[in-house]
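Visitor: Sending over run_37.txt (compact mmCIF, C-alpha atoms).
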```txt
# COMPACT_ATOMS: atom_id res chain seq x y z
CA MET A 1 27.06 131.00 -153.35
CA SER A 2 23.86 132.21 -151.82
CA ASP A 3 23.96 134.75 -149.07
CA ILE A 4 22.49 132.39 -146.50
CA GLY A 5 22.38 133.52 -142.96
CA ALA A 6 22.65 137.12 -144.02
CA VAL A 7 19.87 139.63 -143.81
CA LYS A 8 16.76 138.67 -145.82
CA GLY A 9 16.37 140.35 -149.18
CA ASP A 10 18.11 143.70 -149.52
CA PRO A 11 16.64 145.81 -146.73
CA THR A 12 17.67 149.38 -146.08
CA TRP A 13 17.86 149.11 -142.29
CA PRO A 14 21.47 147.89 -142.03
CA ASP A 15 22.81 151.05 -143.67
CA GLU A 16 20.38 153.20 -141.72
CA LEU A 17 21.55 151.46 -138.57
CA TYR A 18 25.16 152.36 -139.30
CA GLU A 19 24.18 156.00 -139.85
CA LEU A 20 22.21 155.99 -136.58
CA LEU A 21 25.15 154.62 -134.60
CA ARG A 22 27.51 157.19 -136.10
CA GLN A 23 25.02 159.99 -135.33
CA GLN A 24 24.98 158.70 -131.75
CA GLY A 25 28.74 159.23 -131.57
CA VAL A 26 29.78 155.58 -131.72
CA THR A 27 33.46 155.35 -132.64
CA GLN A 28 34.36 151.81 -131.57
CA PHE A 29 32.72 148.93 -133.44
CA ALA A 30 33.70 145.65 -131.79
CA TYR A 31 32.63 142.29 -133.14
CA VAL A 32 33.03 138.63 -133.67
CA PRO A 33 31.74 138.41 -137.24
CA ASP A 34 28.27 137.19 -138.08
CA ALA A 35 26.44 137.38 -141.39
CA GLY A 36 23.67 139.39 -139.76
CA HIS A 37 26.14 142.21 -139.00
CA ARG A 38 27.89 142.19 -142.39
CA VAL A 39 26.93 145.73 -143.38
CA LEU A 40 27.89 147.26 -140.03
CA ILE A 41 31.24 145.49 -140.04
CA ASP A 42 32.04 146.43 -143.64
CA ARG A 43 31.05 150.04 -143.13
CA SER A 44 33.10 150.34 -139.95
CA LEU A 45 36.13 148.91 -141.76
CA ALA A 46 35.70 151.49 -144.53
CA ASP A 47 35.17 154.44 -142.15
CA PRO A 48 38.40 156.27 -141.28
CA ASP A 49 36.74 157.99 -138.34
CA VAL A 50 36.00 154.84 -136.32
CA HIS A 51 37.90 151.90 -134.87
CA SER A 52 36.75 148.57 -136.27
CA VAL A 53 37.84 145.97 -133.73
CA ALA A 54 37.73 142.27 -134.59
CA LEU A 55 37.65 140.33 -131.34
CA THR A 56 38.93 136.82 -130.64
CA THR A 57 36.05 136.27 -128.20
CA GLU A 58 32.99 138.35 -127.43
CA GLU A 59 33.93 139.02 -123.81
CA GLU A 60 36.85 141.11 -125.04
CA GLY A 61 34.25 143.49 -126.42
CA VAL A 62 32.77 144.01 -122.96
CA GLY A 63 36.20 144.95 -121.62
CA LEU A 64 37.00 147.05 -124.68
CA LEU A 65 33.87 149.16 -124.39
CA ALA A 66 34.34 149.62 -120.64
CA GLY A 67 37.82 150.97 -121.40
CA ALA A 68 36.39 153.15 -124.15
CA HIS A 69 33.92 154.60 -121.68
CA LEU A 70 36.70 155.40 -119.21
CA GLY A 71 38.30 157.39 -122.02
CA GLY A 72 35.07 159.15 -122.99
CA ALA A 73 34.32 157.18 -126.17
CA ARG A 74 31.18 155.34 -127.22
CA GLY A 75 31.06 151.88 -128.74
CA VAL A 76 28.83 149.04 -129.82
CA LEU A 77 29.40 145.30 -129.46
CA LEU A 78 28.14 143.12 -132.31
CA MET A 79 27.83 139.36 -132.01
CA GLN A 80 25.81 136.31 -132.79
CA SER A 81 23.58 135.15 -129.95
CA SER A 82 25.95 132.26 -129.21
CA GLY A 83 28.55 134.85 -128.16
CA ALA A 84 26.39 136.13 -125.32
CA GLY A 85 27.37 133.12 -123.25
CA ASN A 86 31.03 134.07 -123.56
CA CYS A 87 30.30 137.46 -122.00
CA ILE A 88 28.54 136.47 -118.80
CA ASN A 89 31.25 136.92 -116.14
CA PHE A 90 32.55 140.12 -117.76
CA LEU A 91 29.07 141.58 -117.36
CA SER A 92 29.94 141.71 -113.63
CA LEU A 93 32.10 144.69 -114.53
CA VAL A 94 29.22 146.36 -116.34
CA LYS A 95 26.71 145.74 -113.56
CA GLY A 96 29.01 146.38 -110.61
CA GLY A 97 30.64 149.41 -112.20
CA ASN A 98 27.50 150.91 -113.79
CA PHE A 99 29.20 150.94 -117.17
CA PRO A 100 27.01 151.76 -120.18
CA LEU A 101 26.93 148.96 -122.76
CA LEU A 102 25.23 148.65 -126.13
CA MET A 103 25.10 145.18 -127.65
CA LEU A 104 23.48 144.10 -130.92
CA LEU A 105 22.87 140.37 -131.19
CA SER A 106 21.92 138.59 -134.38
CA MET A 107 19.85 135.68 -133.15
CA ARG A 108 20.31 131.99 -133.82
CA GLY A 109 18.61 129.08 -132.16
CA GLU A 110 15.09 130.39 -132.32
CA PHE A 111 12.46 130.92 -135.07
CA GLY A 112 13.10 128.28 -137.76
CA GLU A 113 16.58 127.20 -136.57
CA GLY A 114 17.88 124.08 -138.33
CA ASN A 115 21.15 123.59 -136.45
CA PRO A 116 20.52 121.91 -133.09
CA TRP A 117 23.85 123.20 -131.71
CA GLN A 118 22.42 126.72 -131.81
CA ILE A 119 19.22 126.00 -129.90
CA PRO A 120 20.47 125.91 -126.27
CA MET A 121 22.27 129.25 -126.25
CA GLY A 122 19.72 130.87 -128.54
CA GLN A 123 16.93 129.93 -126.16
CA GLY A 124 18.97 130.94 -123.11
CA VAL A 125 20.31 134.28 -124.31
CA GLN A 126 17.66 136.59 -122.96
CA ALA A 127 17.42 134.88 -119.56
CA CYS A 128 21.22 134.89 -119.17
CA LEU A 129 21.63 138.53 -120.16
CA GLU A 130 18.73 139.66 -117.98
CA ALA A 131 20.16 137.71 -115.04
CA MET A 132 23.32 139.82 -115.40
CA GLY A 133 21.40 143.08 -115.53
CA VAL A 134 21.29 143.64 -119.28
CA ILE A 135 17.98 144.98 -120.61
CA CYS A 136 16.87 143.10 -123.74
CA LEU A 137 14.87 144.71 -126.53
CA ARG A 138 13.68 142.63 -129.50
CA ALA A 139 13.37 143.72 -133.14
CA GLU A 140 11.05 141.42 -135.10
CA LYS A 141 10.34 143.44 -138.26
CA PRO A 142 12.46 145.67 -140.52
CA GLU A 143 10.53 148.75 -139.43
CA ASP A 144 11.32 147.90 -135.77
CA VAL A 145 15.09 148.09 -136.08
CA ILE A 146 15.82 151.81 -136.17
CA PRO A 147 13.29 152.83 -133.47
CA THR A 148 14.46 149.97 -131.23
CA VAL A 149 18.18 150.70 -131.55
CA SER A 150 17.46 154.40 -131.22
CA ALA A 151 15.64 153.72 -127.94
CA ALA A 152 18.52 151.51 -126.84
CA CYS A 153 21.06 154.27 -127.56
CA THR A 154 19.12 156.66 -125.36
CA MET A 155 18.97 154.13 -122.54
CA VAL A 156 22.69 153.39 -122.86
CA PHE A 157 24.25 156.76 -123.59
CA LYS A 158 21.86 158.96 -121.58
CA SER A 159 20.80 156.62 -118.75
CA GLY A 160 24.01 154.64 -118.53
CA SER A 161 22.22 151.30 -118.89
CA ALA A 162 23.37 148.04 -120.41
CA VAL A 163 21.05 147.14 -123.30
CA ALA A 164 21.09 144.31 -125.81
CA VAL A 165 19.00 144.59 -128.97
CA LEU A 166 18.12 141.14 -130.24
CA LEU A 167 17.85 141.13 -134.03
CA THR A 168 15.56 138.14 -134.20
CA GLN A 169 15.47 135.33 -136.72
CA LYS A 170 12.06 136.54 -137.88
CA LEU A 171 13.88 139.72 -138.91
CA ILE A 172 17.11 138.37 -140.36
CA GLY A 173 15.95 134.94 -141.51
CA ALA A 174 17.05 131.46 -140.49
CA LYS A 175 20.18 130.02 -142.06
CA GLU A 176 19.29 127.17 -144.41
CA PHE A 177 20.64 123.63 -143.89
CA MET B 1 53.11 114.28 -108.29
CA ALA B 2 56.64 113.05 -109.02
CA ASP B 3 55.58 112.07 -112.53
CA SER B 4 54.10 115.42 -113.34
CA GLN B 5 57.16 117.23 -112.02
CA SER B 6 59.59 115.17 -114.06
CA GLY B 7 57.33 115.60 -117.10
CA ASN B 8 57.57 119.34 -116.69
CA GLY B 9 61.24 119.36 -115.85
CA ARG B 10 62.51 120.52 -119.21
CA ALA B 11 59.87 123.18 -119.59
CA ALA B 12 60.48 124.49 -116.10
CA ALA B 13 64.18 124.75 -116.81
CA MET B 14 63.38 126.94 -119.83
CA SER B 15 61.36 129.37 -117.72
CA PRO B 16 63.26 129.99 -114.51
CA VAL B 17 61.37 131.83 -111.84
CA GLY B 18 62.42 135.46 -111.75
CA VAL B 19 64.76 137.02 -109.25
CA LEU B 20 63.48 140.60 -109.39
CA ASP B 21 61.22 141.91 -106.62
CA ARG B 22 58.02 143.48 -107.96
CA ARG B 23 58.03 146.09 -105.16
CA GLU B 24 61.43 147.33 -106.36
CA VAL B 25 61.06 146.93 -110.12
CA LEU B 26 57.80 148.75 -110.71
CA PRO B 27 58.85 152.11 -109.19
CA LYS B 28 61.95 151.95 -111.40
CA LEU B 29 59.90 151.12 -114.47
CA PHE B 30 57.46 153.96 -113.75
CA PRO B 31 59.40 156.80 -112.09
CA ASN B 32 56.59 159.19 -113.03
CA PRO B 33 53.34 157.22 -112.78
CA LYS B 34 51.29 160.37 -113.44
CA ASP B 35 52.44 160.22 -117.07
CA TYR B 36 50.26 157.16 -117.70
CA LEU B 37 46.74 155.84 -117.49
CA PHE B 38 46.78 152.39 -115.90
CA ILE B 39 44.41 149.48 -116.19
CA ALA B 40 45.41 146.90 -113.58
CA GLY B 41 44.56 143.25 -113.27
CA LEU B 42 43.39 141.60 -110.10
CA ALA B 43 45.08 141.04 -106.77
CA GLY B 44 48.86 141.49 -107.06
CA THR B 45 48.98 143.98 -109.92
CA ALA B 46 46.03 145.91 -108.50
CA LYS B 47 48.03 146.40 -105.30
CA ASP B 48 51.19 147.18 -107.29
CA THR B 49 49.30 149.87 -109.19
CA ALA B 50 47.54 151.35 -106.18
CA ALA B 51 50.90 151.60 -104.37
CA LEU B 52 52.53 153.13 -107.43
CA CYS B 53 49.87 155.79 -108.03
CA GLY B 54 49.12 156.71 -104.41
CA ASP B 55 46.37 159.32 -104.15
CA ASP B 56 46.24 159.96 -107.89
CA ARG B 57 43.29 158.45 -109.76
CA ASN B 58 44.94 157.63 -113.06
CA TYR B 59 44.25 153.93 -112.64
CA TYR B 60 41.37 151.46 -112.75
CA CYS B 61 41.91 148.19 -110.87
CA LEU B 62 39.97 145.01 -111.33
CA ALA B 63 38.96 142.79 -108.44
CA GLY B 64 37.01 140.37 -110.63
CA VAL B 65 36.34 139.79 -114.36
CA MET B 66 39.69 138.03 -114.62
CA GLY B 67 40.99 138.34 -118.17
CA ALA B 68 39.52 141.78 -118.89
CA ALA B 69 42.50 144.06 -118.22
CA ALA B 70 44.07 143.92 -121.69
CA SER B 71 40.84 144.54 -123.57
CA MET B 72 39.97 147.45 -121.25
CA GLY B 73 43.38 148.93 -121.93
CA LEU B 74 42.84 148.62 -125.67
CA GLY B 75 39.49 150.42 -125.52
CA LEU B 76 41.01 153.18 -123.41
CA ALA B 77 44.06 153.53 -125.66
CA LEU B 78 41.87 153.84 -128.76
CA ALA B 79 39.64 156.38 -127.00
CA ARG B 80 42.56 158.51 -125.76
CA PRO B 81 45.36 158.57 -128.35
CA ASP B 82 46.73 161.63 -126.54
CA LYS B 83 47.58 159.56 -123.41
CA ARG B 84 49.98 156.67 -122.80
CA VAL B 85 48.04 153.67 -121.55
CA VAL B 86 49.60 150.82 -119.56
CA VAL B 87 47.95 147.51 -118.79
CA LEU B 88 49.68 146.20 -115.67
CA THR B 89 48.62 142.62 -115.18
CA GLY B 90 49.75 139.23 -113.95
CA ASP B 91 50.57 136.04 -115.80
CA GLY B 92 47.39 134.30 -114.62
CA GLU B 93 45.13 137.20 -115.58
CA LEU B 94 46.70 137.57 -119.00
CA LEU B 95 46.56 133.84 -119.70
CA MET B 96 42.82 133.83 -119.10
CA ASN B 97 42.25 135.87 -122.26
CA VAL B 98 45.59 135.65 -124.01
CA GLY B 99 43.84 135.99 -127.38
CA THR B 100 43.45 139.69 -126.61
CA LEU B 101 47.12 140.06 -127.53
CA ALA B 102 46.08 139.20 -131.09
CA THR B 103 43.27 141.74 -131.02
CA ILE B 104 45.68 144.41 -129.78
CA ALA B 105 48.34 143.53 -132.37
CA VAL B 106 45.88 143.97 -135.24
CA LEU B 107 44.94 147.46 -134.04
CA ASN B 108 48.48 148.29 -132.82
CA PRO B 109 47.70 151.53 -131.00
CA PRO B 110 51.07 153.25 -130.48
CA ASN B 111 50.10 154.49 -127.01
CA LEU B 112 49.48 151.06 -125.45
CA SER B 113 51.91 148.91 -123.45
CA ILE B 114 51.05 145.60 -121.83
CA VAL B 115 53.28 144.99 -118.81
CA CYS B 116 52.95 141.49 -117.41
CA VAL B 117 54.26 140.98 -113.89
CA ASP B 118 55.07 137.29 -114.22
CA ASN B 119 55.72 135.56 -110.90
CA GLY B 120 54.84 132.16 -112.33
CA HIS B 121 52.14 131.67 -109.74
CA TYR B 122 48.56 132.40 -108.76
CA GLY B 123 49.66 134.40 -105.73
CA GLU B 124 46.25 135.43 -104.41
CA THR B 125 44.97 131.87 -104.11
CA GLY B 126 48.01 130.38 -102.36
CA TYR B 127 50.85 130.51 -104.88
CA GLN B 128 49.86 127.58 -107.03
CA LYS B 129 52.14 127.34 -110.08
CA SER B 130 50.85 128.99 -113.22
CA HIS B 131 51.60 127.87 -116.77
CA THR B 132 54.57 130.24 -116.98
CA SER B 133 56.33 128.19 -114.28
CA LEU B 134 55.77 125.15 -116.48
CA GLY B 135 57.23 126.28 -119.78
CA VAL B 136 54.81 128.82 -121.22
CA ASP B 137 56.59 131.90 -122.56
CA LEU B 138 54.25 134.88 -122.68
CA GLU B 139 56.71 137.04 -124.59
CA ALA B 140 56.81 134.40 -127.33
CA MET B 141 53.01 134.38 -127.36
CA ALA B 142 52.94 138.18 -127.66
CA THR B 143 55.44 137.99 -130.53
CA GLY B 144 53.38 135.28 -132.19
CA ALA B 145 50.27 137.38 -131.79
CA GLY B 146 52.01 140.13 -133.73
CA ILE B 147 52.82 142.70 -131.04
CA PRO B 148 55.61 144.56 -132.88
CA VAL B 149 57.90 145.22 -129.92
CA THR B 150 58.41 142.90 -126.96
CA ARG B 151 60.90 142.56 -124.11
CA THR B 152 61.57 140.15 -121.28
CA VAL B 153 63.09 141.80 -118.23
CA THR B 154 64.93 139.43 -115.90
CA GLU B 155 67.51 141.73 -114.33
CA ASP B 156 67.95 145.29 -113.15
CA GLY B 157 70.06 146.34 -116.12
CA GLN B 158 67.15 145.76 -118.53
CA ILE B 159 64.68 148.05 -116.77
CA ALA B 160 65.80 151.37 -118.29
CA ASP B 161 65.31 150.12 -121.86
CA ALA B 162 61.83 148.81 -121.03
CA ALA B 163 60.93 152.07 -119.29
CA GLU B 164 61.96 154.05 -122.36
CA LEU B 165 59.87 151.79 -124.58
CA ILE B 166 56.78 152.30 -122.43
CA ARG B 167 57.41 156.06 -122.26
CA SER B 168 57.98 156.75 -125.94
CA GLY B 169 57.54 153.66 -128.11
CA ASN B 170 55.78 154.22 -131.42
CA SER B 171 53.86 150.93 -131.53
CA SER B 172 52.05 148.72 -129.08
CA SER B 173 54.52 146.93 -126.86
CA PHE B 174 54.66 143.98 -124.51
CA ILE B 175 56.97 143.78 -121.50
CA LEU B 176 57.34 140.55 -119.54
CA LEU B 177 58.71 141.23 -116.07
CA LYS B 178 60.02 138.02 -114.55
CA VAL B 179 59.72 138.47 -110.78
CA LYS B 180 60.06 136.14 -107.83
CA PRO B 181 56.87 134.92 -106.18
CA THR B 182 56.79 137.40 -103.33
CA ASP B 183 53.88 139.43 -102.07
CA PRO B 184 52.84 142.74 -103.62
CA PRO B 185 52.78 145.89 -101.48
CA LYS B 186 50.28 145.92 -98.66
CA VAL B 187 47.89 148.67 -99.67
CA ARG B 188 44.19 149.23 -99.18
CA ARG B 189 42.24 149.95 -102.31
CA SER B 190 38.59 150.45 -103.13
CA LEU B 191 36.67 147.39 -104.34
CA ASP B 192 33.81 149.60 -105.54
CA ALA B 193 33.84 149.27 -109.33
CA ALA B 194 31.38 152.13 -109.84
CA LEU B 195 33.17 154.56 -107.52
CA SER B 196 36.48 153.69 -109.19
CA ARG B 197 34.93 154.35 -112.60
CA LEU B 198 33.78 157.82 -111.56
CA GLN B 199 37.09 158.63 -109.88
CA PHE B 200 39.00 157.61 -113.00
CA ILE B 201 36.79 159.73 -115.26
CA GLU B 202 37.02 162.73 -112.92
CA GLY B 203 40.76 162.28 -112.61
CA LEU B 204 41.15 162.16 -116.38
CA ALA B 205 38.97 165.25 -116.86
CA ALA B 206 41.17 167.15 -114.41
CA THR B 207 44.25 166.52 -116.59
CA ARG B 208 42.80 168.20 -119.66
```
Just give me the structure as structure tokens.

Guide:
Amino acid sequence: MSDIGAVKGDPTWPDELYELLRQQGVTQFAYVPDAGHRVLIDRSLADPDVHSVALTTEEEGVGLLAGAHLGGARGVLLMQSSGAGNCINFLSLVKGGNFPLLMLLSMRGEFGEGNPWQIPMGQGVQACLEAMGVICLRAEKPEDVIPTVSAACTMVFKSGSAVAVLLTQKLIGAKEF
Amino acid sequence: MADSQSGNGRAAAMSPVGVLDRREVLPKLFPNPKDYLFIAGLAGTAKDTAALCGDDRNYYCLAGVMGAAASMGLGLALARPDKRVVVLTGDGELLMNVGTLATIAVLNPPNLSIVCVDNGHYGETGYQKSHTSLGVDLEAMATGAGIPVTRTVTEDGQIADAAELIRSGNSSSFILLKVKPTDPPKVRRSLDAALSRLQFIEGLAATR
């Protein structure tokens, strides 16, 4: 079985990304699984020093990380772009309460998408998130990922912003149909 | 109308509306509210919690984002294993994201209790019946989700056992409080989500 929908080739950035998030003090990894986040999910499951939280719906992750912040912990919310739509009303808490929030979205429904069900949310993700006050940063190339997420961490954990990094389909590859 | 009521007759008989009064039960369940960090749902349970905690700031109440209380409690419980965390929420709020019970059960933090004040109604919007008036059993859903310890409290004599579980249980727990559909305490509380966030964090820092 080919590793379709996962990260193209065997890049080093997913492991570097995990190390970066740990260096930033992230101890709660919350996710609805997606192939684009496979390395982060597997590493969080294997790391005894973090909580690896499988969610039933992405909006739970928004609540979870708000609660983590109240307790002084840092987290990251991983999802496929389709999950962004599930989060919209919960982002009222983030915006109204000035909660920091770091989201990493593996994109579907854009560059080279072959599943028409993915197109509407994929095309609407950035507009929806920005409408709810989430700053969106895009990573298009492997060498973009670490600097972009690093910048996002500063904006989230130092400035208290809500930031989504969109790991684009140019970066992670389109799933084949 | 008649058809829908007869269709729900059997289910309604299985889930009688509670007889306990929330304004009397909660102070008995939490004789020392300072011992806990509370995340409260909207409306009724927000007022319950504000009345319970008084001037202390060991609680964060929602006034929107319905369905977020349980996941917020989970994040807080994981972040602060040294504190006992209580999610105090209503049947309507919990039903909106009832899958969170599954997420909690998988993690099973020992310092987290979900206390559902189940009046069988959406009180804030005019006391329309909720699903729990029509046969839905939230304790059974919590058990099915895998929460290791659950209780349903329908009478005064069951409160002490539930209180002990919340105070010193060694797994996540779920308490269903069946109460009658009467109003929560009349109490003014801040609707400023950002101010409440800062007050909670400052209050928590002061306990260290």

Visitor: Looking at B:Phe30, B:Phe38, B:Tyr127, B:Phe200, which one is nearest to chain A, with distances taken over all atoms listed in the file?

Guide: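 When distances to chain A are compared using all atoms listed in the file, the smallest one comes from B:Phe200.
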
Visitor: Show me a table, sorted first by chain and then by increasing residue number, of the residues of chain A having an atom at most 8 Å from chain B, each with its shortest atom pair and the distance in Å to one decimal, counting only C-alpha atoms and written as a tab-separated table.

Guide:
```
residue	atom	partner	partner_atom	distance
A:His51	CA	B:Leu78	CA	7.5
A:Val53	CA	B:Leu107	CA	7.3
A:Ala54	CA	B:Thr103	CA	6.6
A:Leu55	CA	B:Thr103	CA	5.8
A:Thr56	CA	B:Gly99	CA	6.0
A:Thr57	CA	B:Gly99	CA	7.8
A:Glu59	CA	B:Ala68	CA	7.9
A:Glu60	CA	B:Ser71	CA	5.5
A:Gly61	CA	B:Ser71	CA	7.3
A:Gly63	CA	B:Met72	CA	4.5
A:Leu64	CA	B:Gly75	CA	4.3
A:Leu65	CA	B:Gly75	CA	5.9
A:Ala66	CA	B:Met72	CA	6.1
A:Gly67	CA	B:Met72	CA	4.1
A:Ala68	CA	B:Gly75	CA	4.4
A:His69	CA	B:Leu76	CA	7.4
A:Leu70	CA	B:Ile201	CA	5.9
A:Gly71	CA	B:Leu76	CA	5.2
A:Gly72	CA	B:Ala79	CA	6.7
A:Ala73	CA	B:Ala79	CA	5.4
A:Asn89	CA	B:Val65	CA	6.1
A:Phe90	CA	B:Val65	CA	5.1
A:Ser92	CA	B:Val65	CA	6.7
A:Leu93	CA	B:Val65	CA	6.5
A:Gly96	CA	B:Ala193	CA	5.8
A:Gly97	CA	B:Ala194	CA	3.7
A:Asn98	CA	B:Ala194	CA	5.7
A:Phe99	CA	B:Ala194	CA	7.7
```

Visitor: Taking only C-alpha atoms into account, which of A:Met107, A:Met155, A:Leu77, A:Val94 comes nearest Val125 in chain A?

Guide: A:Met107

Visitor: To one decimal in Å, tell me the separation between CA of Ala162 in chain B and CA of Asp35 in chain B.

Guide: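 CA of Asp35 in chain B lies at a distance of 15.3 Å from CA of Ala162 in chain B.
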
Visitor: What is the distance, in Å and to one decimal place, between CA of Leu171 in chain A and CA of Val26 in chain A?

Guide: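 Atom-to-atom, CA of Leu171 in chain A and CA of Val26 in chain A are spaced 23.6 Å apart.
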
Visitor: Looking at only C-alpha atoms, which of A:Val32, A:Val163, A:Ile146, A:Val62 is the one that sits closest to Glu19 in chain A?

Guide: A:Ile146

Visitor: Please return, as a list of chain:residue names, all polymer residues that have at least one atom within 7 Å of the point (27.5, 150.4, -139.7); use only C-alpha atoms and the file's own coordinate frame.

Guide: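 Checking each residue against the 7 Å limit leaves A:Pro14, A:Asp15, A:Leu17, A:Tyr18, A:Glu19, A:Val39, A:Leu40, A:Ile41, A:Arg43, A:Ser44.
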
Visitor: Residues within 8 Å of (45.8, 131.9, -116.0), file coordinates, counting all atoms listed in the file: what are they? Give the list as a VMD selection string.

Guide: chain B and resid 91 to 96 122 130 to 131

Visitor: Mind checking which residues fall within 7 Å of Leu105 in chain A, counting all atoms listed in the file, ignoring those fewer than 2 positions away in the same chain, and posting them as a list of chain:residue names?

Guide: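 The neighbour list is A:Leu78, A:Met79, A:Gln80, A:Ser81, A:Met103, A:Met107, A:Ala164, A:Val165, A:Leu166, A:Leu167.
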
Visitor: Separation of CA of Val179 in chain B and CA of Val17 in chain B, in Å?

Guide: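 Here the two named atoms are 6.9 Å from each other.
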
Visitor: Point out the residue among B:Ile159, B:Asn108, B:Val117, B:Asp48 with the least atom-to-atom distance to Ile147 in chain B, counting all atoms listed in the file.

Guide: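 With all atoms listed in the file as the atom set, the closest residue is B:Asn108.
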
Visitor: Near Pro33 in chain B, within 10 Å and counting all atoms listed in the file, which residues show up once chain neighbours fewer than 4 positions away are dropped, as an MDAnalysis selection string?

Guide: chainID B and resid 26:27 29 37:38 49 52:54 56 58:59

Visitor: Could you write those residues out with C-alpha atoms, as a PDB file, in the frame of the given file?

Guide:
```pdb
ATOM      1  CA  LEU B  26      57.800 148.750-110.710  1.00  0.00           C
ATOM      2  CA  PRO B  27      58.850 152.110-109.190  1.00  0.00           C
ATOM      3  CA  LEU B  29      59.900 151.120-114.470  1.00  0.00           C
ATOM      4  CA  LEU B  37      46.740 155.840-117.490  1.00  0.00           C
ATOM      5  CA  PHE B  38      46.780 152.390-115.900  1.00  0.00           C
ATOM      6  CA  THR B  49      49.300 149.870-109.190  1.00  0.00           C
ATOM      7  CA  LEU B  52      52.530 153.130-107.430  1.00  0.00           C
ATOM      8  CA  CYS B  53      49.870 155.790-108.030  1.00  0.00           C
ATOM      9  CA  GLY B  54      49.120 156.710-104.410  1.00  0.00           C
ATOM     10  CA  ASP B  56      46.240 159.960-107.890  1.00  0.00           C
ATOM     11  CA  ASN B  58      44.940 157.630-113.060  1.00  0.00           C
ATOM     12  CA  TYR B  59      44.250 153.930-112.640  1.00  0.00           C
TER      13      TYR B  59
END
```

Visitor: So, with all atoms listed in the file as the atoms that count, which of B:Lys178, B:Lys129, B:Arg23, B:Arg167 lies closest to Glu155 in chain B?

Guide: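 Distance minimum relative to Glu155 in chain B lands on B:Lys178.
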
Visitor: Residues within 9 Å of Ala51 in chain B, please, as a list of chain:residue names. Count all atoms listed in the file; anything in the same chain fewer than 6 positions from it doesn't count.

Guide: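 With the cut-off at 9 Å, the set is B:Pro185, B:Lys186, B:Val187, B:Arg188.
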
Visitor: Go ahead and dump the residues you just picked, C-alpha atoms, as an mmCIF file, keeping the file's coordinate frame.

Guide:
```
data_model
loop_
_atom_site.group_PDB
_atom_site.id
_atom_site.type_symbol
_atom_site.label_atom_id
_atom_site.label_comp_id
_atom_site.auth_asym_id
_atom_site.auth_seq_id
_atom_site.Cartn_x
_atom_site.Cartn_y
_atom_site.Cartn_z
ATOM 1 C CA PRO B 185 52.780 145.890 -101.480
ATOM 2 C CA LYS B 186 50.280 145.920 -98.660
ATOM 3 C CA VAL B 187 47.890 148.670 -99.670
ATOM 4 C CA ARG B 188 44.190 149.230 -99.180
#
```

Visitor: Would you mind putting back N, CA, C and O atoms on range 170-178 of chain B, then writing it out as a compact mmCIF listing (two decimals), keeping the file's coordinate frame?

Guide:
```
# COMPACT_ATOMS: atom_id res chain seq x y z
N ASN B 170 56.72 153.77 -130.39
CA ASN B 170 55.78 154.22 -131.42
C ASN B 170 54.94 153.07 -132.00
O ASN B 170 54.43 153.14 -133.10
N SER B 171 54.81 152.01 -131.20
CA SER B 171 53.86 150.93 -131.53
C SER B 171 53.40 150.33 -130.21
O SER B 171 53.94 150.66 -129.15
N SER B 172 52.40 149.47 -130.28
CA SER B 172 52.05 148.72 -129.08
C SER B 172 53.26 147.90 -128.65
O SER B 172 54.04 147.45 -129.48
N SER B 173 53.38 147.69 -127.34
CA SER B 173 54.52 146.93 -126.86
C SER B 173 54.09 145.99 -125.74
O SER B 173 53.04 146.17 -125.12
N PHE B 174 54.91 144.97 -125.55
CA PHE B 174 54.66 143.98 -124.51
C PHE B 174 55.92 143.78 -123.70
O PHE B 174 56.99 143.51 -124.26
N ILE B 175 55.82 143.94 -122.39
CA ILE B 175 56.97 143.78 -121.50
C ILE B 175 56.65 142.65 -120.52
O ILE B 175 55.64 142.72 -119.80
N LEU B 176 57.49 141.64 -120.51
CA LEU B 176 57.34 140.55 -119.54
C LEU B 176 58.35 140.76 -118.43
O LEU B 176 59.57 140.71 -118.66
N LEU B 177 57.84 141.02 -117.23
CA LEU B 177 58.71 141.23 -116.07
C LEU B 177 58.76 139.93 -115.28
O LEU B 177 57.77 139.53 -114.66
N LYS B 178 59.90 139.26 -115.31
CA LYS B 178 60.02 138.02 -114.55
C LYS B 178 60.39 138.38 -113.10
O LYS B 178 61.49 138.89 -112.85
```
